[in-house]
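Printed here is work.txt (compact mmCIF, C-alpha atoms):
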# COMPACT_ATOMS: atom_id res chain seq x y z
CA MET A 1 192.60 -4.27 -115.69
CA LYS A 2 192.60 -2.96 -112.18
CA LEU A 3 188.99 -1.85 -112.49
CA GLU A 4 188.08 -5.23 -113.96
CA SER A 5 189.77 -7.01 -111.02
CA ILE A 6 187.96 -4.78 -108.52
CA GLY A 7 184.70 -5.55 -110.29
CA LYS A 8 185.36 -9.29 -110.09
CA ALA A 9 186.27 -9.02 -106.41
CA ALA A 10 183.09 -7.08 -105.69
CA ALA A 11 181.06 -9.69 -107.55
CA LEU A 12 182.69 -12.48 -105.51
CA VAL A 13 181.96 -10.63 -102.24
CA ALA A 14 178.34 -10.15 -103.31
CA LEU A 15 178.08 -13.84 -104.23
CA ALA A 16 179.58 -14.89 -100.90
CA SER A 17 177.05 -12.67 -99.11
CA LEU A 18 174.20 -14.28 -101.00
CA VAL A 19 175.47 -17.78 -100.16
CA ALA A 20 175.82 -16.82 -96.49
CA ALA A 21 172.33 -15.34 -96.47
CA GLY A 22 170.95 -18.49 -98.12
CA SER A 23 172.72 -20.66 -95.55
CA ALA A 24 171.36 -18.55 -92.67
CA GLN A 25 167.88 -18.83 -94.16
CA ALA A 26 168.23 -22.63 -94.51
CA GLN A 27 169.15 -22.81 -90.83
CA GLU A 28 166.24 -20.88 -89.40
CA VAL A 29 166.47 -20.20 -85.69
CA VAL A 30 164.01 -21.69 -83.20
CA ARG A 31 164.07 -20.23 -79.68
CA LEU A 32 163.45 -23.00 -77.15
CA GLY A 33 162.72 -22.66 -73.43
CA ASN A 34 163.58 -25.67 -71.26
CA LEU A 35 164.03 -26.78 -67.63
CA LYS A 36 166.91 -28.64 -65.96
CA PHE A 37 165.44 -32.04 -65.12
CA ALA A 38 166.42 -35.57 -66.20
CA HIS A 39 163.20 -36.12 -68.17
CA TYR A 40 163.71 -32.84 -70.10
CA GLY A 41 166.95 -34.25 -71.55
CA ALA A 42 165.56 -35.30 -74.95
CA VAL A 43 164.20 -31.76 -75.42
CA SER A 44 167.68 -30.40 -74.77
CA TYR A 45 169.12 -32.95 -77.23
CA ILE A 46 167.04 -31.42 -80.06
CA LYS A 47 169.67 -28.69 -80.45
CA GLU A 48 172.33 -31.35 -81.16
CA ASN A 49 170.19 -32.82 -83.99
CA ALA A 50 168.99 -29.44 -85.23
CA PRO A 51 171.58 -28.83 -88.01
CA LYS A 52 170.59 -32.17 -89.60
CA CYS A 53 166.98 -31.02 -89.48
CA GLY A 54 167.85 -27.78 -91.29
CA ILE A 55 167.29 -25.52 -88.27
CA LYS A 56 169.27 -23.94 -85.46
CA VAL A 57 167.87 -24.29 -81.94
CA GLU A 58 168.81 -21.73 -79.30
CA GLU A 59 168.02 -23.19 -75.87
CA ARG A 60 167.40 -21.13 -72.73
CA VAL A 61 167.07 -22.93 -69.41
CA PHE A 62 164.63 -21.57 -66.82
CA ALA A 63 164.06 -22.31 -63.12
CA LYS A 64 160.41 -23.33 -63.52
CA GLY A 65 157.67 -23.75 -66.10
CA LEU A 66 155.90 -20.50 -65.23
CA ASP A 67 159.13 -18.65 -66.13
CA VAL A 68 159.00 -20.31 -69.57
CA MET A 69 155.43 -19.01 -69.94
CA SER A 70 156.53 -15.49 -68.96
CA ALA A 71 159.18 -15.61 -71.70
CA VAL A 72 156.55 -16.78 -74.21
CA LEU A 73 154.31 -13.86 -73.23
CA ALA A 74 157.28 -11.51 -73.66
CA GLY A 75 157.77 -12.81 -77.23
CA GLU A 76 161.18 -14.30 -76.39
CA LEU A 77 160.43 -17.96 -77.26
CA ASP A 78 158.90 -19.97 -80.11
CA VAL A 79 158.69 -23.29 -78.27
CA GLY A 80 158.72 -24.22 -74.58
CA ALA A 81 158.97 -27.41 -72.51
CA THR A 82 156.93 -27.31 -69.30
CA ALA A 83 154.82 -29.42 -67.03
CA SER A 84 151.16 -29.33 -68.03
CA GLU A 85 150.05 -27.04 -65.20
CA ALA A 86 152.36 -24.21 -66.36
CA ALA A 87 151.04 -24.53 -69.91
CA ILE A 88 147.44 -24.49 -68.62
CA SER A 89 148.07 -21.48 -66.35
CA GLY A 90 149.89 -19.74 -69.20
CA ARG A 91 147.02 -20.27 -71.65
CA ALA A 92 144.51 -19.11 -69.00
CA GLY A 93 146.63 -16.00 -68.50
CA GLY A 94 146.58 -15.12 -72.19
CA ALA A 95 149.73 -16.86 -73.48
CA PRO A 96 149.08 -17.53 -77.21
CA ILE A 97 150.22 -21.18 -77.14
CA TYR A 98 149.23 -24.63 -78.33
CA VAL A 99 150.18 -27.92 -76.67
CA VAL A 100 151.77 -29.90 -79.53
CA ALA A 101 153.37 -32.96 -77.86
CA GLY A 102 154.05 -34.72 -74.57
CA PHE A 103 157.73 -35.48 -73.95
CA ALA A 104 157.73 -37.35 -70.62
CA LYS A 105 155.38 -38.97 -68.12
CA GLY A 106 155.43 -39.09 -64.32
CA GLY A 107 158.40 -37.26 -62.83
CA ALA A 108 157.08 -36.68 -59.31
CA ARG A 109 157.61 -38.42 -55.99
CA LEU A 110 156.55 -37.79 -52.40
CA VAL A 111 159.67 -38.28 -50.28
CA GLY A 112 159.77 -38.27 -46.48
CA ARG A 113 162.67 -37.81 -44.09
CA SER A 114 164.30 -41.20 -43.58
CA ASP A 115 164.22 -40.80 -39.76
CA LEU A 116 160.43 -40.31 -39.60
CA ASN A 117 159.12 -43.61 -41.02
CA LEU A 118 156.33 -41.95 -43.06
CA LYS A 119 154.51 -44.68 -45.00
CA SER A 120 151.38 -43.09 -46.47
CA ILE A 121 149.77 -39.76 -47.32
CA LYS A 122 147.79 -39.92 -44.03
CA ASP A 123 151.08 -39.96 -42.11
CA LEU A 124 151.58 -36.34 -43.23
CA LYS A 125 149.04 -35.12 -40.65
CA GLY A 126 150.80 -32.60 -38.42
CA LYS A 127 153.77 -32.42 -40.76
CA LYS A 128 155.45 -29.76 -42.94
CA VAL A 129 155.66 -30.65 -46.63
CA GLY A 130 157.89 -28.77 -49.06
CA VAL A 131 156.71 -28.13 -52.60
CA THR A 132 157.34 -25.66 -55.41
CA ARG A 133 154.57 -23.11 -55.97
CA GLY A 134 152.58 -23.59 -59.16
CA GLY A 135 154.41 -26.75 -60.25
CA ILE A 136 152.65 -29.99 -61.24
CA GLN A 137 154.00 -31.35 -57.95
CA GLU A 138 151.83 -28.85 -56.07
CA VAL A 139 148.77 -29.92 -58.08
CA LEU A 140 149.49 -33.60 -57.30
CA LEU A 141 150.20 -32.94 -53.61
CA LEU A 142 146.95 -31.03 -53.10
CA ALA A 143 144.98 -33.64 -55.07
CA GLU A 144 146.47 -36.44 -52.91
CA LEU A 145 145.73 -34.55 -49.67
CA GLN A 146 142.14 -33.83 -50.77
CA GLN A 147 141.70 -37.49 -51.69
CA ALA A 148 142.91 -38.51 -48.21
CA GLY A 149 140.58 -36.00 -46.52
CA LEU A 150 143.43 -33.88 -45.12
CA THR A 151 143.23 -30.08 -44.88
CA VAL A 152 146.20 -27.98 -45.98
CA SER A 153 147.51 -24.42 -45.68
CA GLU A 154 150.73 -22.46 -45.89
CA GLN A 155 149.98 -21.31 -42.32
CA PRO A 156 149.94 -23.55 -39.21
CA GLY A 157 146.53 -24.78 -38.03
CA LYS A 158 145.49 -27.23 -40.76
CA ASP A 159 146.31 -30.95 -40.99
CA VAL A 160 149.30 -30.30 -43.25
CA GLN A 161 151.44 -27.16 -43.61
CA THR A 162 153.02 -26.58 -47.01
CA VAL A 163 156.40 -24.86 -47.23
CA LEU A 164 156.93 -23.24 -50.63
CA LEU A 165 160.48 -23.62 -51.94
CA ALA A 166 162.27 -23.68 -55.29
CA TYR A 167 163.02 -27.15 -56.71
CA ALA A 168 166.72 -26.55 -56.05
CA ASP A 169 166.10 -25.86 -52.33
CA LEU A 170 163.76 -28.72 -51.42
CA ASN A 171 166.42 -31.42 -50.95
CA GLN A 172 168.52 -29.18 -48.71
CA ALA A 173 165.45 -28.38 -46.59
CA LEU A 174 164.68 -32.11 -46.20
CA LEU A 175 168.32 -32.90 -45.36
CA GLY A 176 168.40 -30.06 -42.83
CA LYS A 177 165.10 -31.27 -41.27
CA HIS A 178 163.38 -27.93 -41.95
CA ILE A 179 160.59 -29.94 -43.61
CA ASP A 180 159.31 -33.45 -42.94
CA ALA A 181 158.55 -34.44 -46.54
CA MET A 182 158.64 -33.01 -50.06
CA MET A 183 156.81 -33.48 -53.32
CA GLN A 184 159.78 -33.28 -55.64
CA SER A 185 160.71 -33.71 -59.31
CA GLU A 186 163.38 -35.97 -60.86
CA PRO A 187 166.28 -36.56 -60.48
CA GLN A 188 166.21 -34.66 -57.17
CA SER A 189 163.79 -37.06 -55.48
CA SER A 190 165.91 -40.06 -56.54
CA GLN A 191 169.03 -38.28 -55.25
CA ALA A 192 167.46 -37.80 -51.79
CA ILE A 193 166.62 -41.51 -51.63
CA ASN A 194 169.99 -42.70 -52.96
CA LYS A 195 171.90 -40.45 -50.53
CA GLY A 196 169.94 -41.92 -47.60
CA TYR A 197 168.21 -38.87 -46.14
CA GLY A 198 164.89 -39.50 -47.92
CA THR A 199 162.52 -42.45 -48.35
CA GLU A 200 159.72 -42.79 -50.89
CA ILE A 201 156.22 -42.40 -49.46
CA LEU A 202 154.49 -42.73 -52.83
CA LYS A 203 154.50 -41.89 -56.51
CA PRO A 204 151.44 -39.62 -56.76
CA TYR A 205 149.75 -41.21 -59.76
CA ASP A 206 146.50 -42.46 -58.20
CA THR A 207 144.55 -39.19 -58.66
CA PRO A 208 142.34 -38.62 -61.76
CA ILE A 209 145.40 -37.03 -63.47
CA GLY A 210 147.26 -40.34 -63.40
CA GLU A 211 150.86 -39.91 -64.54
CA PRO A 212 151.25 -36.19 -65.37
CA ILE A 213 152.46 -35.54 -68.92
CA ARG A 214 155.13 -32.92 -69.57
CA THR A 215 154.08 -30.73 -72.47
CA MET A 216 155.78 -29.20 -75.47
CA VAL A 217 154.11 -25.91 -76.36
CA MET A 218 154.43 -23.73 -79.46
CA THR A 219 153.35 -20.15 -79.86
CA GLU A 220 150.33 -19.75 -82.14
CA LYS A 221 152.44 -17.43 -84.33
CA PHE A 222 155.18 -20.05 -84.80
CA TYR A 223 152.62 -22.83 -85.42
CA LYS A 224 150.64 -20.82 -87.98
CA GLU A 225 153.11 -18.45 -89.63
CA ARG A 226 156.33 -20.53 -89.71
CA ARG A 227 154.74 -23.86 -90.52
CA PRO A 228 157.65 -25.40 -92.48
CA VAL A 229 160.06 -24.59 -89.62
CA ALA A 230 157.56 -25.91 -87.05
CA GLU A 231 157.38 -29.16 -89.04
CA LYS A 232 161.19 -29.45 -89.05
CA PHE A 233 161.33 -28.77 -85.31
CA MET A 234 158.71 -31.41 -84.55
CA ARG A 235 160.53 -33.96 -86.68
CA CYS A 236 163.71 -33.10 -84.77
CA PHE A 237 161.87 -33.58 -81.45
CA VAL A 238 160.62 -37.03 -82.49
CA GLU A 239 164.13 -38.01 -83.68
CA ALA A 240 165.75 -36.83 -80.42
CA THR A 241 163.16 -38.64 -78.31
CA LYS A 242 163.45 -41.84 -80.36
CA THR A 243 167.23 -41.73 -79.88
CA PHE A 244 166.83 -41.43 -76.10
CA ILE A 245 164.26 -44.26 -75.96
CA ASP A 246 166.20 -46.60 -78.27
CA GLN A 247 169.69 -45.76 -76.92
CA PRO A 248 169.53 -45.49 -73.10
CA ALA A 249 173.34 -45.20 -72.86
CA THR A 250 173.30 -42.12 -75.14
CA ALA A 251 170.50 -40.60 -73.06
CA GLU A 252 172.34 -41.22 -69.78
CA LYS A 253 175.66 -39.86 -71.03
CA TYR A 254 174.06 -36.70 -72.44
CA VAL A 255 171.93 -35.95 -69.37
CA ARG A 256 174.64 -36.72 -66.82
CA ASP A 257 177.55 -35.06 -68.66
CA THR A 258 175.97 -32.23 -70.66
CA VAL A 259 172.83 -31.28 -68.74
CA PHE A 260 173.99 -31.97 -65.16
CA LYS A 261 177.80 -31.61 -65.67
CA GLY A 262 178.52 -34.78 -63.67
CA GLN A 263 176.37 -33.77 -60.66
CA ILE A 264 174.18 -36.90 -60.74
CA THR A 265 175.20 -40.56 -60.53
CA SER A 266 174.21 -43.39 -62.84
CA ASP A 267 171.81 -44.67 -60.14
CA ASP A 268 170.24 -41.21 -59.84
CA PHE A 269 169.66 -41.12 -63.60
CA GLN A 270 168.31 -44.68 -63.85
CA ASP A 271 165.92 -44.17 -60.94
CA ALA A 272 164.81 -40.78 -62.26
CA ILE A 273 164.01 -42.05 -65.77
CA GLY A 274 162.38 -45.15 -64.27
CA ASN A 275 159.92 -42.67 -62.73
CA SER A 276 159.74 -40.26 -65.71
CA PRO A 277 160.11 -42.12 -69.02
CA TYR A 278 160.54 -40.23 -72.28
CA SER A 279 157.46 -40.17 -74.53
CA TYR A 280 155.83 -38.33 -77.45
CA ASP A 281 152.09 -38.16 -76.88
CA VAL A 282 149.50 -36.03 -75.15
CA THR A 283 145.70 -35.92 -75.43
CA PRO A 284 143.10 -33.17 -74.95
CA GLU A 285 141.45 -35.46 -72.38
CA HIS A 286 144.57 -35.54 -70.18
CA ILE A 287 144.98 -31.77 -70.34
CA GLN A 288 141.28 -31.28 -69.54
CA VAL A 289 141.42 -33.56 -66.46
CA THR A 290 144.56 -31.73 -65.26
CA THR A 291 142.77 -28.39 -65.78
CA ASP A 292 139.75 -29.62 -63.79
CA ILE A 293 141.94 -30.78 -60.88
CA MET A 294 143.77 -27.42 -60.88
CA VAL A 295 140.40 -25.68 -60.56
CA LYS A 296 139.38 -28.06 -57.75
CA THR A 297 142.62 -27.58 -55.79
CA GLY A 298 142.91 -23.85 -56.49
CA VAL A 299 146.35 -24.06 -58.12
CA GLY A 300 146.85 -21.28 -60.64
CA LYS A 301 143.68 -19.42 -59.55
CA MET A 302 142.41 -19.20 -63.13
CA ALA A 303 139.55 -16.76 -63.80
CA LYS A 304 138.73 -18.57 -67.05
CA PRO A 305 140.20 -22.10 -67.31
CA PRO A 306 141.02 -22.95 -70.95
CA VAL A 307 139.12 -25.75 -72.72
CA ALA A 308 141.69 -28.35 -73.80
CA LYS A 309 140.16 -29.23 -77.17
CA ASP A 310 140.61 -25.59 -78.25
CA TRP A 311 144.39 -25.55 -77.83
CA VAL A 312 145.79 -29.10 -77.89
CA LYS A 313 147.02 -29.55 -81.48
CA THR A 314 148.83 -32.82 -82.21
CA ASP A 315 148.72 -32.76 -86.03
CA LEU A 316 152.41 -31.79 -86.38
CA LEU A 317 153.38 -34.59 -83.99
CA GLU A 318 151.33 -37.22 -85.84
CA GLN A 319 152.83 -36.09 -89.16
CA ALA A 320 156.40 -36.28 -87.76
CA LYS A 321 155.85 -39.70 -86.17
CA LYS A 322 154.36 -41.09 -89.37
CA SER A 323 157.23 -39.78 -91.52
CA LEU A 324 159.77 -41.40 -89.16
CA GLY A 325 157.86 -44.66 -88.70
CA VAL A 326 157.30 -44.08 -84.97
CA LYS A 327 154.19 -45.61 -83.40

What does this structure look like when you write it as structure tokens?
Amino acid sequence: MKLESIGKAAALVALASLVAAGSAQAQEVVRLGNLKFAHYGAVSYIKENAPKCGIKVEERVFAKGLDVMSAVLAGELDVGATASEAAISGRAGGAPIYVVAGFAKGGARLVGRSDLNLKSIKDLKGKKVGVTRGGIQEVLLLAELQQAGLTVSEQPGKDVQTVLLAYADLNQALLGKHIDAMMQSEPQSSQAINKGYGTEILKPYDTPIGEPIRTMVMTEKFYKERRPVAEKFMRCFVEATKTFIDQPATAEKYVRDTVFKGQITSDDFQDAIGNSPYSYDVTPEHIQVTTDIMVKTGVGKMAKPPVAKDWVKTDLLEQAKKSLGVK
């Protein structure tokens, strides 16, 4: 009897192991790289929806898009959320990625010190402008300066001197009057304006790029070899984004409480999303124009700029949108 009981117990343990293994398999893990900005909130929200989608999403937050690309190259991520310029630089540098969706538009603002009365891009002549190296904000700043016929350098002597700082340090530099203006992301640019030490000079959307689109990228391996999981992830992305678009109160609560831990106000959030609305779509044409402007401005210094039509793949997105009735 004892042996029989032991046998039954062993069988139960084996069965439990199989069930656990099956459950783990059903909830396949997707490694997601993200950034801490208001308009990246719906991407972060994917991990909340993930169990319903039959996957588990492990999110890692990085300081900038190029760091996400480095993690992709190191084989540490399956999916990443970045501005388009980081994706383009990454692909040019050998990152095996596809652009599969666009999750937000805009998200940049040129903000001047409130005591300087800077009204236009031409007013930046003789001024120091803070910007983050390699970010879409740098691409837009250089495109705007070129368009206005202003010369620029990191060293004194040109019309405009750029001061390269991390996103997190730009506001402090403007507040401390170490720079005269900044090309900043959201919600930080809205915070500077709402706190009174910054004023908007312009939203930099009048270059050929228009409103820059933030891109969702997938590794080629994930896209090709784990197709069913990639489909579940993309469906989850569309669901999360639709929730944020349809339920602004849910979006605000999640971004303010969960992403920013109460560090931004309701006004900061509203102004930020007003300048960087959530979206789904991206086109090869937009990525190609952005690539061309990067080449023209010298951002990324790409030896061989990638051709957008070769690596912008929106079939998973279209399939997910259709299945969820999203236009």

Expected residue set, 7 Å radius at (162.8, -37.6, -54.2), only C-alpha atoms, as a ChimeraX atom specification: /A:109-111,184-186,188-193,198,200

Within 9 Å of range 257-261 of chain A using only C-alpha atoms, minus same-chain residues under 3 positions, as a PyMOL selection string: chain A and resi 36-38+41+44+252-254+264

Selection: 12 Å around Gly90 in chain A, all atoms listed in the file, excl. self and same-chain fewer than 2 positions, as JSON, numbers by chain: {"A": [65, 66, 67, 68, 69, 70, 71, 72, 73, 74, 80, 82, 83, 84, 85, 86, 87, 88, 92, 93, 94, 95, 96, 97, 98, 99, 134, 217, 218, 219, 291, 300, 301, 302, 304, 305, 306, 311]}

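Going from CA of Asn49 in chain A to CA of Ala63 in chain A covers 24.2 Å.
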
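When all atoms listed in the file are used to compute distances to Val289 in chain A, the closest of the residues A:Glu211, A:Glu239, A:Asp169, A:Asp159 turns out to be A:Glu211.
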
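Here CA of Thr241 in chain A stands at a distance of 27.8 Å from CA of Val307 in chain A.
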
Residue neighbourhood His286 in chain A, 9 Å, all atoms listed in the file, exclusion window fewer than 5 positions, as an MDAnalysis selection string: chainID A and resid 209:210 212:213 291 308

Spatial neighbours of Met182 in chain A, max dist 9 Å, all atoms listed in the file, sep filter under 5 positions, as a ChimeraX atom specification: /A:109-113,128-131,163,170-171,173-174,189

Report as a PDB file with C-alpha atoms, in the coordinates of the input all protein, DNA and RNA residues lying within 12 Å of Ser153 in chain A, evaluated on only C-alpha atoms, omitting residues in the same chain fewer than 4 positions from it.
ATOM      1  CA  LYS A 125     149.040 -35.120 -40.650  1.00  0.00           C
ATOM      2  CA  GLY A 126     150.800 -32.600 -38.420  1.00  0.00           C
ATOM      3  CA  LYS A 127     153.770 -32.420 -40.760  1.00  0.00           C
ATOM      4  CA  LYS A 128     155.450 -29.760 -42.940  1.00  0.00           C
ATOM      5  CA  VAL A 129     155.660 -30.650 -46.630  1.00  0.00           C
ATOM      6  CA  GLY A 130     157.890 -28.770 -49.060  1.00  0.00           C
ATOM      7  CA  LEU A 141     150.200 -32.940 -53.610  1.00  0.00           C
ATOM      8  CA  LEU A 142     146.950 -31.030 -53.100  1.00  0.00           C
ATOM      9  CA  LEU A 145     145.730 -34.550 -49.670  1.00  0.00           C
ATOM     10  CA  GLN A 146     142.140 -33.830 -50.770  1.00  0.00           C
ATOM     11  CA  GLY A 157     146.530 -24.780 -38.030  1.00  0.00           C
ATOM     12  CA  LYS A 158     145.490 -27.230 -40.760  1.00  0.00           C
ATOM     13  CA  ASP A 159     146.310 -30.950 -40.990  1.00  0.00           C
ATOM     14  CA  VAL A 160     149.300 -30.300 -43.250  1.00  0.00           C
ATOM     15  CA  GLN A 161     151.440 -27.160 -43.610  1.00  0.00           C
ATOM     16  CA  THR A 162     153.020 -26.580 -47.010  1.00  0.00           C
ATOM     17  CA  VAL A 163     156.400 -24.860 -47.230  1.00  0.00           C
ATOM     18  CA  LEU A 164     156.930 -23.240 -50.630  1.00  0.00           C
ATOM     19  CA  THR A 297     142.620 -27.580 -55.790  1.00  0.00           C
ATOM     20  CA  GLY A 298     142.910 -23.850 -56.490  1.00  0.00           C
TER      21      GLY A 298
END

Selection as a ChimeraX atom specification: residues within 9 Å of (148.1, -39.6, -46.7), counting all atoms listed in the file: /A:119-125,144-145,147-150

Atomic separation - CA of Pro156 in chain A relative to CA of His178 in chain A, Å: 14.4 Å

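Residue nearest Phe237 in chain A within the list A:Ile46, A:Val152, A:Ile201, A:Ala143: A:Ile46 [criterion: smallest interatomic distance, only C-alpha atoms].
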
A:Lys177, A:Lys232, A:Lys224, A:Lys64 ranked by distance to Glu28 in chain A, top pick (using only C-alpha atoms): A:Lys232

Selected range 150-175 of chain A, written as an mmCIF file, in the first residue's frame, C-alpha atoms:
data_model
loop_
_atom_site.group_PDB
_atom_site.id
_atom_site.type_symbol
_atom_site.label_atom_id
_atom_site.label_comp_id
_atom_site.auth_asym_id
_atom_site.auth_seq_id
_atom_site.Cartn_x
_atom_site.Cartn_y
_atom_site.Cartn_z
ATOM 1 C CA LEU A 150 21.483 79.273 -39.119
ATOM 2 C CA THR A 151 24.836 77.533 -38.597
ATOM 3 C CA VAL A 152 25.327 75.295 -35.570
ATOM 4 C CA SER A 153 28.136 73.619 -33.622
ATOM 5 C CA GLU A 154 28.876 72.187 -30.208
ATOM 6 C CA GLN A 155 31.753 74.706 -30.035
ATOM 7 C CA PRO A 156 31.378 78.521 -29.873
ATOM 8 C CA GLY A 157 31.772 80.418 -33.154
ATOM 9 C CA LYS A 158 28.652 79.425 -35.116
ATOM 10 C CA ASP A 159 25.210 81.077 -35.026
ATOM 11 C CA VAL A 160 23.926 78.583 -32.457
ATOM 12 C CA GLN A 161 25.847 76.498 -29.914
ATOM 13 C CA THR A 162 24.300 73.175 -28.937
ATOM 14 C CA VAL A 163 24.794 71.848 -25.412
ATOM 15 C CA LEU A 164 24.383 68.068 -25.272
ATOM 16 C CA LEU A 165 22.546 66.865 -22.165
ATOM 17 C CA ALA A 166 20.424 63.902 -21.085
ATOM 18 C CA TYR A 167 16.641 64.413 -21.249
ATOM 19 C CA ALA A 168 16.547 64.389 -17.447
ATOM 20 C CA ASP A 169 19.072 67.262 -17.208
ATOM 21 C CA LEU A 170 17.692 69.686 -19.801
ATOM 22 C CA ASN A 171 14.991 71.276 -17.618
ATOM 23 C CA GLN A 172 17.428 71.879 -14.764
ATOM 24 C CA ALA A 173 19.885 73.514 -17.174
ATOM 25 C CA LEU A 174 17.136 75.821 -18.499
ATOM 26 C CA LEU A 175 15.970 76.660 -14.968
#
